[in-house]
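File shown here: structure34.cif, holding mmCIF, C-alpha atoms.
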```
data_run
loop_
_atom_site.group_PDB
_atom_site.id
_atom_site.type_symbol
_atom_site.label_atom_id
_atom_site.label_comp_id
_atom_site.auth_asym_id
_atom_site.auth_seq_id
_atom_site.Cartn_x
_atom_site.Cartn_y
_atom_site.Cartn_z
ATOM 1 C CA MET B 1 20.875 27.006 -59.201
ATOM 2 C CA SER B 2 17.314 26.905 -57.881
ATOM 3 C CA GLU B 3 16.649 27.195 -54.156
ATOM 4 C CA GLN B 4 14.822 23.975 -53.399
ATOM 5 C CA THR B 5 14.461 22.432 -49.970
ATOM 6 C CA VAL B 6 15.718 18.870 -50.153
ATOM 7 C CA LEU B 7 15.329 17.971 -46.484
ATOM 8 C CA LYS B 8 13.125 19.334 -43.731
ATOM 9 C CA THR B 9 12.616 17.988 -40.235
ATOM 10 C CA GLU B 10 10.302 19.254 -37.517
ATOM 11 C CA GLY B 11 10.555 17.992 -33.957
ATOM 12 C CA LEU B 12 12.404 14.823 -34.959
ATOM 13 C CA ALA B 13 13.500 12.928 -31.833
ATOM 14 C CA LYS B 14 14.816 9.557 -30.677
ATOM 15 C CA ALA B 15 15.933 8.301 -27.252
ATOM 16 C CA TYR B 16 18.372 5.539 -26.369
ATOM 17 C CA GLY B 17 18.436 4.959 -22.635
ATOM 18 C CA SER B 18 19.395 8.234 -20.978
ATOM 19 C CA PHE B 19 20.511 9.803 -24.287
ATOM 20 C CA ARG B 20 17.993 11.796 -26.306
ATOM 21 C CA LEU B 21 18.527 13.172 -29.789
ATOM 22 C CA GLY B 22 16.351 16.117 -30.692
ATOM 23 C CA PRO B 23 14.025 17.662 -31.234
ATOM 24 C CA VAL B 24 15.779 18.322 -34.543
ATOM 25 C CA ASN B 25 14.459 21.170 -36.698
ATOM 26 C CA ILE B 26 16.493 21.717 -39.845
ATOM 27 C CA ALA B 27 15.923 22.685 -43.479
ATOM 28 C CA LEU B 28 18.634 21.969 -46.056
ATOM 29 C CA GLU B 29 18.665 23.520 -49.507
ATOM 30 C CA GLN B 30 19.698 21.959 -52.787
ATOM 31 C CA GLY B 31 23.176 22.588 -54.149
ATOM 32 C CA TYR B 32 25.189 22.962 -50.938
ATOM 33 C CA VAL B 33 27.547 20.946 -48.756
ATOM 34 C CA TYR B 34 26.425 20.815 -45.122
ATOM 35 C CA VAL B 35 29.012 19.709 -42.584
ATOM 36 C CA ILE B 36 27.990 18.396 -39.177
ATOM 37 C CA MET B 37 30.521 18.757 -36.376
ATOM 38 C CA GLY B 38 30.095 17.090 -33.010
ATOM 39 C CA ARG B 39 31.901 15.216 -30.304
ATOM 40 C CA ASN B 40 31.895 11.424 -30.221
ATOM 41 C CA GLY B 41 28.577 10.231 -28.878
ATOM 42 C CA SER B 42 26.768 13.463 -29.726
ATOM 43 C CA GLY B 43 24.256 11.645 -31.948
ATOM 44 C CA LYS B 44 25.585 12.120 -35.496
ATOM 45 C CA SER B 45 25.171 8.490 -36.555
ATOM 46 C CA THR B 46 21.727 8.250 -34.942
ATOM 47 C CA LEU B 47 20.660 11.395 -36.789
ATOM 48 C CA PHE B 48 21.886 10.030 -40.120
ATOM 49 C CA ARG B 49 20.082 6.735 -39.546
ATOM 50 C CA MET B 50 16.840 8.562 -38.807
ATOM 51 C CA LEU B 51 17.202 10.722 -41.905
ATOM 52 C CA THR B 52 17.717 7.642 -44.091
ATOM 53 C CA ALA B 53 14.841 5.704 -42.481
ATOM 54 C CA MET B 54 17.116 3.072 -40.975
ATOM 55 C CA VAL B 55 15.853 4.126 -37.519
ATOM 56 C CA ARG B 56 12.321 5.297 -36.841
ATOM 57 C CA PRO B 57 11.932 8.513 -34.887
ATOM 58 C CA GLU B 58 9.741 8.510 -31.818
ATOM 59 C CA GLN B 59 8.193 11.814 -32.794
ATOM 60 C CA GLY B 60 8.384 14.566 -35.375
ATOM 61 C CA THR B 61 8.210 14.716 -39.148
ATOM 62 C CA LEU B 62 10.723 14.078 -41.921
ATOM 63 C CA GLU B 63 10.382 15.349 -45.470
ATOM 64 C CA TRP B 64 12.607 14.543 -48.446
ATOM 65 C CA PHE B 65 11.939 16.675 -51.545
ATOM 66 C CA PRO B 66 8.185 17.200 -52.161
ATOM 67 C CA GLU B 67 7.248 13.963 -50.380
ATOM 68 C CA ARG B 68 6.261 14.067 -46.733
ATOM 69 C CA SER B 69 6.226 11.272 -44.200
ATOM 70 C CA ALA B 70 5.277 11.610 -40.544
ATOM 71 C CA GLY B 71 7.337 9.895 -37.890
ATOM 72 C CA PRO B 72 6.571 7.416 -36.651
ATOM 73 C CA PRO B 73 4.953 6.880 -40.090
ATOM 74 C CA SER B 74 2.266 4.457 -41.134
ATOM 75 C CA SER B 75 3.339 1.247 -42.837
ATOM 76 C CA ALA B 76 2.357 2.595 -46.254
ATOM 77 C CA GLY B 77 4.085 5.888 -45.557
ATOM 78 C CA GLN B 78 7.259 4.102 -44.471
ATOM 79 C CA VAL B 79 7.335 2.104 -47.702
ATOM 80 C CA GLN B 80 6.966 5.293 -49.732
ATOM 81 C CA LEU B 81 9.677 7.013 -47.700
ATOM 82 C CA LEU B 82 12.075 4.130 -48.331
ATOM 83 C CA ARG B 83 11.342 4.302 -52.053
ATOM 84 C CA ASP B 84 11.988 8.045 -52.094
ATOM 85 C CA ILE B 85 15.267 7.619 -50.257
ATOM 86 C CA ARG B 86 16.463 4.819 -52.524
ATOM 87 C CA ARG B 87 15.623 6.936 -55.542
ATOM 88 C CA ASN B 88 17.414 10.066 -54.345
ATOM 89 C CA VAL B 89 19.626 9.563 -51.282
ATOM 90 C CA ALA B 90 22.799 7.495 -50.760
ATOM 91 C CA TYR B 91 24.025 6.889 -47.222
ATOM 92 C CA MET B 92 27.619 5.959 -46.373
ATOM 93 C CA PRO B 93 27.659 4.920 -42.684
ATOM 94 C CA ASP B 94 30.629 5.142 -40.341
ATOM 95 C CA GLU B 95 30.965 1.338 -40.366
ATOM 96 C CA LEU B 96 30.867 -1.087 -43.294
ATOM 97 C CA ASP B 97 27.232 -1.952 -43.966
ATOM 98 C CA THR B 98 27.168 -5.325 -45.714
ATOM 99 C CA PRO B 99 24.993 -8.263 -44.678
ATOM 100 C CA ASP B 100 28.108 -10.444 -44.638
ATOM 101 C CA GLU B 101 31.666 -9.138 -44.185
ATOM 102 C CA GLY B 102 32.866 -12.150 -46.149
ATOM 103 C CA TRP B 103 31.346 -10.610 -49.255
ATOM 104 C CA SER B 104 33.583 -9.135 -51.911
ATOM 105 C CA LEU B 105 32.910 -5.741 -53.437
ATOM 106 C CA ARG B 106 31.506 -7.470 -56.519
ATOM 107 C CA GLU B 107 29.119 -9.547 -54.408
ATOM 108 C CA TRP B 108 28.088 -6.415 -52.548
ATOM 109 C CA ARG B 109 27.367 -4.660 -55.826
ATOM 110 C CA ASP B 110 25.394 -7.634 -57.190
ATOM 111 C CA ALA B 111 23.247 -7.763 -54.039
ATOM 112 C CA VAL B 112 22.377 -4.084 -53.720
ATOM 113 C CA HIS B 113 22.199 -2.597 -57.204
ATOM 114 C CA PRO B 114 18.694 -3.914 -58.079
ATOM 115 C CA PHE B 115 17.281 -1.863 -55.189
ATOM 116 C CA TYR B 116 18.470 1.466 -56.622
ATOM 117 C CA PRO B 117 16.588 2.593 -59.735
ATOM 118 C CA ALA B 118 19.267 5.085 -60.829
ATOM 119 C CA TRP B 119 22.222 2.701 -60.309
ATOM 120 C CA ASP B 120 25.144 3.694 -62.577
ATOM 121 C CA ASP B 121 27.328 0.699 -63.352
ATOM 122 C CA ASP B 122 29.745 2.803 -65.393
ATOM 123 C CA CYS B 123 30.338 4.936 -62.289
ATOM 124 C CA TYR B 124 30.808 1.810 -60.188
ATOM 125 C CA ARG B 125 33.431 0.335 -62.532
ATOM 126 C CA ARG B 126 35.222 3.661 -63.034
ATOM 127 C CA LEU B 127 35.568 4.393 -59.324
ATOM 128 C CA ALA B 128 36.508 0.827 -58.396
ATOM 129 C CA ALA B 129 39.327 1.038 -60.948
ATOM 130 C CA ARG B 130 40.291 4.592 -59.926
ATOM 131 C CA TYR B 131 40.799 3.503 -56.307
ATOM 132 C CA GLY B 132 42.513 0.258 -57.259
ATOM 133 C CA LEU B 133 39.928 -1.919 -55.506
ATOM 134 C CA ASP B 134 40.091 -5.695 -55.878
ATOM 135 C CA GLU B 135 36.441 -6.522 -56.584
ATOM 136 C CA GLY B 136 36.913 -10.189 -55.674
ATOM 137 C CA LYS B 137 38.631 -9.715 -52.284
ATOM 138 C CA PRO B 138 36.486 -10.390 -49.183
ATOM 139 C CA MET B 139 35.806 -7.211 -47.269
ATOM 140 C CA LYS B 140 36.853 -8.821 -43.979
ATOM 141 C CA LYS B 141 40.400 -9.119 -45.366
ATOM 142 C CA ALA B 142 40.566 -5.491 -46.485
ATOM 143 C CA SER B 143 42.037 -2.575 -44.544
ATOM 144 C CA LYS B 144 39.792 0.020 -42.942
ATOM 145 C CA GLY B 145 40.664 2.501 -45.665
ATOM 146 C CA THR B 146 39.835 0.014 -48.421
ATOM 147 C CA ARG B 147 36.517 -0.772 -46.778
ATOM 148 C CA ARG B 148 35.711 2.942 -46.620
ATOM 149 C CA LEU B 149 36.524 3.319 -50.309
ATOM 150 C CA ALA B 150 34.321 0.342 -51.183
ATOM 151 C CA ALA B 151 31.422 1.921 -49.277
ATOM 152 C CA PHE B 152 32.060 5.219 -51.066
ATOM 153 C CA VAL B 153 32.001 3.524 -54.482
ATOM 154 C CA ILE B 154 28.684 1.819 -53.656
ATOM 155 C CA ALA B 155 27.186 5.132 -52.510
ATOM 156 C CA MET B 156 28.347 7.064 -55.562
ATOM 157 C CA ALA B 157 27.137 4.355 -57.970
ATOM 158 C CA GLN B 158 23.590 4.878 -56.702
ATOM 159 C CA ALA B 159 23.655 8.159 -58.683
ATOM 160 C CA PRO B 160 21.946 10.043 -55.854
ATOM 161 C CA ARG B 161 20.762 13.622 -55.636
ATOM 162 C CA VAL B 162 21.926 13.687 -52.008
ATOM 163 C CA LEU B 163 24.948 12.059 -50.370
ATOM 164 C CA VAL B 164 24.823 11.462 -46.601
ATOM 165 C CA LEU B 165 28.361 10.682 -45.434
ATOM 166 C CA ASP B 166 29.438 9.729 -41.912
ATOM 167 C CA GLU B 167 33.192 10.401 -41.526
ATOM 168 C CA PRO B 168 33.814 9.289 -45.146
ATOM 169 C CA SER B 169 37.597 9.685 -45.177
ATOM 170 C CA ALA B 170 38.373 7.869 -41.897
ATOM 171 C CA GLY B 171 41.326 5.545 -42.419
ATOM 172 C CA LEU B 172 42.264 6.757 -45.902
ATOM 173 C CA ASP B 173 45.833 7.363 -46.979
ATOM 174 C CA PRO B 174 46.648 10.877 -48.264
ATOM 175 C CA PHE B 175 46.387 9.886 -51.934
ATOM 176 C CA ALA B 176 42.977 8.226 -51.615
ATOM 177 C CA TRP B 177 41.810 11.134 -49.437
ATOM 178 C CA LYS B 178 42.755 13.641 -52.128
ATOM 179 C CA MET B 179 40.960 11.615 -54.801
ATOM 180 C CA MET B 180 37.827 11.390 -52.651
ATOM 181 C CA LEU B 181 37.771 15.176 -52.240
ATOM 182 C CA GLU B 182 38.108 15.520 -56.016
ATOM 183 C CA ASP B 183 35.219 13.112 -56.570
ATOM 184 C CA LEU B 184 33.022 14.932 -54.062
ATOM 185 C CA ALA B 185 33.788 18.268 -55.729
ATOM 186 C CA ALA B 186 32.923 16.724 -59.116
ATOM 187 C CA PHE B 187 29.681 15.361 -57.677
ATOM 188 C CA MET B 188 28.705 18.872 -56.568
ATOM 189 C CA SER B 189 29.689 20.496 -59.867
ATOM 190 C CA ALA B 190 26.311 19.614 -61.412
ATOM 191 C CA GLY B 191 24.827 22.332 -59.203
ATOM 192 C CA ASP B 192 21.643 20.485 -58.222
ATOM 193 C CA ARG B 193 23.135 17.995 -55.751
ATOM 194 C CA THR B 194 23.585 18.143 -52.002
ATOM 195 C CA ILE B 195 25.950 16.624 -49.451
ATOM 196 C CA LEU B 196 25.348 16.204 -45.737
ATOM 197 C CA MET B 197 28.512 14.939 -44.087
ATOM 198 C CA ALA B 198 30.048 14.514 -40.655
ATOM 199 C CA THR B 199 33.762 15.239 -40.397
ATOM 200 C CA HIS B 200 36.363 16.572 -37.978
ATOM 201 C CA ILE B 201 38.974 17.181 -40.668
ATOM 202 C CA VAL B 202 39.638 20.907 -40.996
ATOM 203 C CA GLU B 203 40.754 20.715 -44.626
ATOM 204 C CA GLU B 204 37.517 18.970 -45.621
ATOM 205 C CA ILE B 205 35.511 21.681 -43.898
ATOM 206 C CA ARG B 206 37.569 24.383 -45.572
ATOM 207 C CA ARG B 207 37.491 22.913 -49.075
ATOM 208 C CA LEU B 208 33.996 21.434 -49.247
ATOM 209 C CA GLY B 209 31.728 22.994 -46.647
ATOM 210 C CA ASP B 210 29.174 25.695 -47.416
ATOM 211 C CA TYR B 211 27.181 25.480 -44.181
ATOM 212 C CA LEU B 212 27.976 24.124 -40.717
ATOM 213 C CA LEU B 213 25.725 22.405 -38.211
ATOM 214 C CA PHE B 214 26.928 21.777 -34.664
ATOM 215 C CA LEU B 215 25.566 18.772 -32.768
ATOM 216 C CA ASP B 216 26.030 18.700 -29.009
ATOM 217 C CA ASN B 217 24.243 16.615 -26.382
ATOM 218 C CA GLY B 218 21.598 15.667 -28.908
ATOM 219 C CA LYS B 219 20.861 19.267 -29.925
ATOM 220 C CA VAL B 220 21.493 20.673 -33.401
ATOM 221 C CA HIS B 221 22.660 24.283 -33.809
ATOM 222 C CA GLY B 222 22.563 25.779 -37.286
ATOM 223 C CA PRO B 223 22.947 25.666 -40.184
ATOM 224 C CA PHE B 224 25.399 28.567 -40.221
ATOM 225 C CA GLU B 225 26.985 29.908 -43.384
ATOM 226 C CA LYS B 226 30.601 28.835 -43.028
ATOM 227 C CA ASP B 227 32.471 31.874 -44.302
ATOM 228 C CA ALA B 228 30.207 34.349 -42.506
ATOM 229 C CA LEU B 229 30.607 32.390 -39.286
ATOM 230 C CA ALA B 230 34.394 32.341 -39.639
ATOM 231 C CA GLU B 231 34.417 36.115 -40.147
ATOM 232 C CA SER B 232 32.085 36.841 -37.242
ATOM 233 C CA TRP B 233 34.227 35.025 -34.662
ATOM 234 C CA ARG B 234 37.849 36.156 -34.253
ATOM 235 C CA THR B 235 40.743 35.863 -31.855
ATOM 236 C CA LEU B 236 42.230 39.220 -30.863
ATOM 237 C CA TRP B 237 45.554 39.653 -29.106
ATOM 238 C CA VAL B 238 45.829 42.937 -27.228
ATOM 239 C CA SER B 239 48.607 44.902 -25.586
ATOM 240 C CA GLU B 240 47.146 44.112 -22.179
ATOM 241 C CA LEU B 241 44.038 42.447 -20.784
ATOM 242 C CA PRO B 242 41.484 45.133 -19.826
ATOM 243 C CA PRO B 243 39.556 44.958 -16.539
ATOM 244 C CA ALA B 244 36.273 42.994 -16.802
ATOM 245 C CA ALA B 245 37.317 41.955 -20.285
ATOM 246 C CA GLU B 246 34.430 39.528 -20.787
ATOM 247 C CA ALA B 247 31.965 42.380 -20.235
ATOM 248 C CA LEU B 248 33.244 44.240 -23.305
ATOM 249 C CA PRO B 249 30.966 44.249 -26.374
ATOM 250 C CA GLY B 250 31.254 41.037 -28.380
ATOM 251 C CA VAL B 251 33.732 39.313 -26.057
ATOM 252 C CA ALA B 252 32.945 35.637 -25.436
ATOM 253 C CA ALA B 253 36.163 34.691 -23.619
ATOM 254 C CA ALA B 254 39.305 36.338 -22.279
ATOM 255 C CA GLU B 255 42.555 34.888 -21.014
ATOM 256 C CA GLN B 256 45.955 36.114 -19.921
ATOM 257 C CA GLY B 257 48.832 33.879 -20.928
ATOM 258 C CA THR B 258 52.113 34.924 -22.446
ATOM 259 C CA ALA B 259 49.874 37.438 -24.233
ATOM 260 C CA ALA B 260 46.407 38.831 -23.564
ATOM 261 C CA ARG B 261 43.848 37.070 -25.772
ATOM 262 C CA LEU B 262 40.169 37.785 -26.450
ATOM 263 C CA VAL B 263 37.644 35.696 -28.360
ATOM 264 C CA SER B 264 35.067 37.936 -29.990
ATOM 265 C CA ARG B 265 31.787 37.137 -31.746
ATOM 266 C CA SER B 266 31.623 40.740 -32.985
ATOM 267 C CA PRO B 267 35.203 41.845 -33.779
ATOM 268 C CA GLN B 268 34.259 45.320 -34.977
ATOM 269 C CA GLU B 269 32.464 46.144 -31.718
ATOM 270 C CA THR B 270 35.263 44.667 -29.640
ATOM 271 C CA ARG B 271 37.963 46.621 -31.498
ATOM 272 C CA ALA B 272 36.014 49.862 -31.018
ATOM 273 C CA ALA B 273 35.653 49.203 -27.280
ATOM 274 C CA LEU B 274 39.363 48.456 -26.947
ATOM 275 C CA GLU B 275 40.258 51.624 -28.826
ATOM 276 C CA LYS B 276 38.205 53.691 -26.368
ATOM 277 C CA LEU B 277 40.247 52.118 -23.549
ATOM 278 C CA GLY B 278 43.475 53.039 -25.318
ATOM 279 C CA LEU B 279 44.394 49.391 -25.962
ATOM 280 C CA THR B 280 45.958 48.146 -29.193
ATOM 281 C CA VAL B 281 45.046 44.961 -31.073
ATOM 282 C CA THR B 282 48.439 43.478 -31.932
ATOM 283 C CA GLU B 283 47.174 40.488 -33.924
ATOM 284 C CA GLU B 284 43.892 39.061 -35.201
ATOM 285 C CA ARG B 285 43.070 35.606 -36.543
ATOM 286 C CA PRO B 286 40.042 33.433 -37.294
ATOM 287 C CA LEU B 287 39.258 30.791 -34.690
ATOM 288 C CA GLU B 288 40.191 27.186 -35.316
ATOM 289 C CA TRP B 289 37.098 25.137 -36.145
ATOM 290 C CA ASP B 290 37.176 23.078 -32.952
ATOM 291 C CA GLU B 291 37.274 26.240 -30.805
ATOM 292 C CA LEU B 292 34.588 27.853 -32.950
ATOM 293 C CA PHE B 293 32.404 24.771 -32.354
ATOM 294 C CA TRP B 294 32.884 25.130 -28.601
ATOM 295 C CA HIS B 295 31.961 28.821 -28.490
ATOM 296 C CA VAL B 296 28.937 28.567 -30.809
ATOM 297 C CA VAL B 297 27.528 25.649 -28.815
ATOM 298 C CA ARG B 298 28.306 27.410 -25.532
ATOM 299 C CA ASN B 299 26.414 30.469 -26.730
ATOM 300 C CA LYS B 300 23.722 28.261 -28.334
ATOM 301 C CA GLY B 301 23.966 30.206 -31.575
ATOM 302 C CA LYS B 302 22.023 33.161 -30.162
ATOM 303 C CA GLU B 303 24.631 35.747 -31.103
ATOM 304 C CA VAL B 304 25.266 34.365 -34.581
ATOM 305 C CA LYS B 305 22.988 35.025 -37.503
ATOM 306 C CA ARG B 306 21.990 31.847 -39.285
ATOM 307 C CA GLY B 307 22.808 31.484 -42.963
ATOM 308 C CA GLU B 308 19.831 32.000 -45.194
#
```
Will you turn the file into structure tokens for me?
Amino acid sequence: MSEQTVLKTEGLAKAYGSFRLGPVNIALEQGYVYVIMGRNGSGKSTLFRMLTAMVRPEQGTLEWFPERSAGPPSSAGQVQLLRDIRRNVAYMPDELDTPDEGWSLREWRDAVHPFYPAWDDDCYRRLAARYGLDEGKPMKKASKGTRRLAAFVIAMAQAPRVLVLDEPSAGLDPFAWKMMLEDLAAFMSAGDRTILMATHIVEEIRRLGDYLLFLDNGKVHGPFEKDALAESWRTLWVSELPPAAEALPGVAAAEQGTAARLVSRSPQETRAALEKLGLTVTEERPLEWDELFWHVVRNKGKEVKRGE
């Protein structure tokens, strides 16, 4: 698999009232799954809409593949950017994105497929049948899960090099969820494709994610290599809480509950310091992803080496 940059942003920013997203400086490489984690209202959907040219940035630059377009771009540059995105990038938003919710899946397909040069009708028919979708049923009469599946089918049928997915499995039943994970894994099996997705579901992060980005208050931290990050942050339970515990090497947090607990961003250093104090580590575990998000954002990623 070649190391090719598929997306690069420099100083990308957008403000809505008192909220400001950015400046966003990221570079994503071909062949990986990047997972964005962030609280509600942190700017994930705004970021995705900027990356797919649905929203113009107020400043900064956005580059997909070898093409480059400044933001805010010229009219000609914007047209070229849209063409590049339609040729290579499929975006599945967090809400159904049809001009008319009374449309059926078939009507949606008929309206959009001429705009995507690589459209794969065999993929469209196969996935619609796989998920048991009624192509003639109006979307407004469908469940949330069915609407999500319809949006997923439309995105996949564009035969993109990059999938941008905003909470893709929201509202799915366990069987459809499992099939979607299988389809995403199959999509990545070609080796030259990329996924950028927002999710809070731990199993999706565990099974699909290669790199993590944390979005908080409009600021992006990362990307961080997922497995290295999980190894570098650990929870340690100790026989007793030492004095000035948070001053020990690597310790990011300390608490005394039914047991003494330390959160360490450098477990090896913390264990060595505890050993010098004559304290025993009774148990060690990786952090849960939501707690890991909190500590990385709190420390602004300074103590964690970025994935390369």
Two-atom distance - CA of Leu7 in chain B, CA of Glu29 in chain B (Å): 7.1 Å
Do you know which residues are at most 10 Å from Glu231 in chain B counting only C-alpha atoms, after dropping those on the same chain fewer than 4 positions away, and could you put them as a compact mmCIF listing (two decimals) with C-alpha atoms, in the frame of the given file?
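Final output, out_7.txt:
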```txt
# COMPACT_ATOMS: atom_id res chain seq x y z
CA LYS B 226 30.60 28.84 -43.03
CA ASP B 227 32.47 31.87 -44.30
CA ARG B 265 31.79 37.14 -31.75
CA SER B 266 31.62 40.74 -32.98
CA PRO B 267 35.20 41.84 -33.78
CA ARG B 285 43.07 35.61 -36.54
CA PRO B 286 40.04 33.43 -37.29
CA LEU B 287 39.26 30.79 -34.69
```
Non-local contacts of Glu58 in chain B (12 Å; all atoms listed in the file; under 2 positions in same chain excluded) as number ranges by chain: B: 11-16, 20-24, 50, 55-56, 60-62, 70-73
Residues within 9 Å of Leu279 in chain B, all atoms listed in the file, excluding chain neighbours under 5 positions, as an MDAnalysis selection string: chainID B and resid 238:242 271 273:274
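Rounded to one decimal, CA of Asp122 in chain B and CA of Val153 in chain B lie 11.2 Å from each other.
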The PyMOL selection byres ((chain B and resi 188) around 12) applied to the shown file, residues as a PyMOL selection string: chain B and resi 1+30-34+156+160-163+181-187+189-196+208-210
Ref. answer, residues at most 12 Å from (42.0, 7.6, -61.0) with all atoms listed in the file, as a list in words: Arg125, Arg126, Leu127, Ala128, Ala129, Arg130, Tyr131, Gly132, Leu133, Phe175, Ala176, Lys178, Met179, Met180, Glu182 and Asp183 of chain B
Explicit residue set for the PyMOL selection byres ((chain B and resi 121) around 10), as a PyMOL selection string: chain B and resi 109+113+118-120+122-127+154+157-159
For CA of Glu107 in chain B and CA of Pro138 in chain B, the interatomic separation in Å (one decimal):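 Spanning CA of Glu107 in chain B to CA of Pro138 in chain B is a straight-line distance of 9.1 Å.
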(34.0, -3.8, -53.1) in this file's frame - what residues fall within 6 Å of it? Use only C-alpha atoms and give the answer as a JSON list (two decimals) with C-alpha atoms, keeping the file's coordinate frame.
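As a result, point13.json now contains:
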```json
[["chain", "number", "residue", "atom", "x", "y", "z"],
["B", 104, "SER", "CA", 33.58, -9.14, -51.91],
["B", 105, "LEU", "CA", 32.91, -5.74, -53.44],
["B", 106, "ARG", "CA", 31.51, -7.47, -56.52],
["B", 135, "GLU", "CA", 36.44, -6.52, -56.58],
["B", 150, "ALA", "CA", 34.32, 0.34, -51.18]]
```
Among listed residues B:Glu203, B:Asp94, B:Glu246, B:Glu10, nearest Leu149 in chain B (using all atoms listed in the file): B:Asp94
Spatial neighbours of range 219-224 of chain B, max dist 9 Å, all atoms listed in the file, sep filter under 2 positions, as an MDAnalysis selection string: chainID B and resid 20:28 34:36 42:43 210:217 226:229 296:297 300:301 304:308
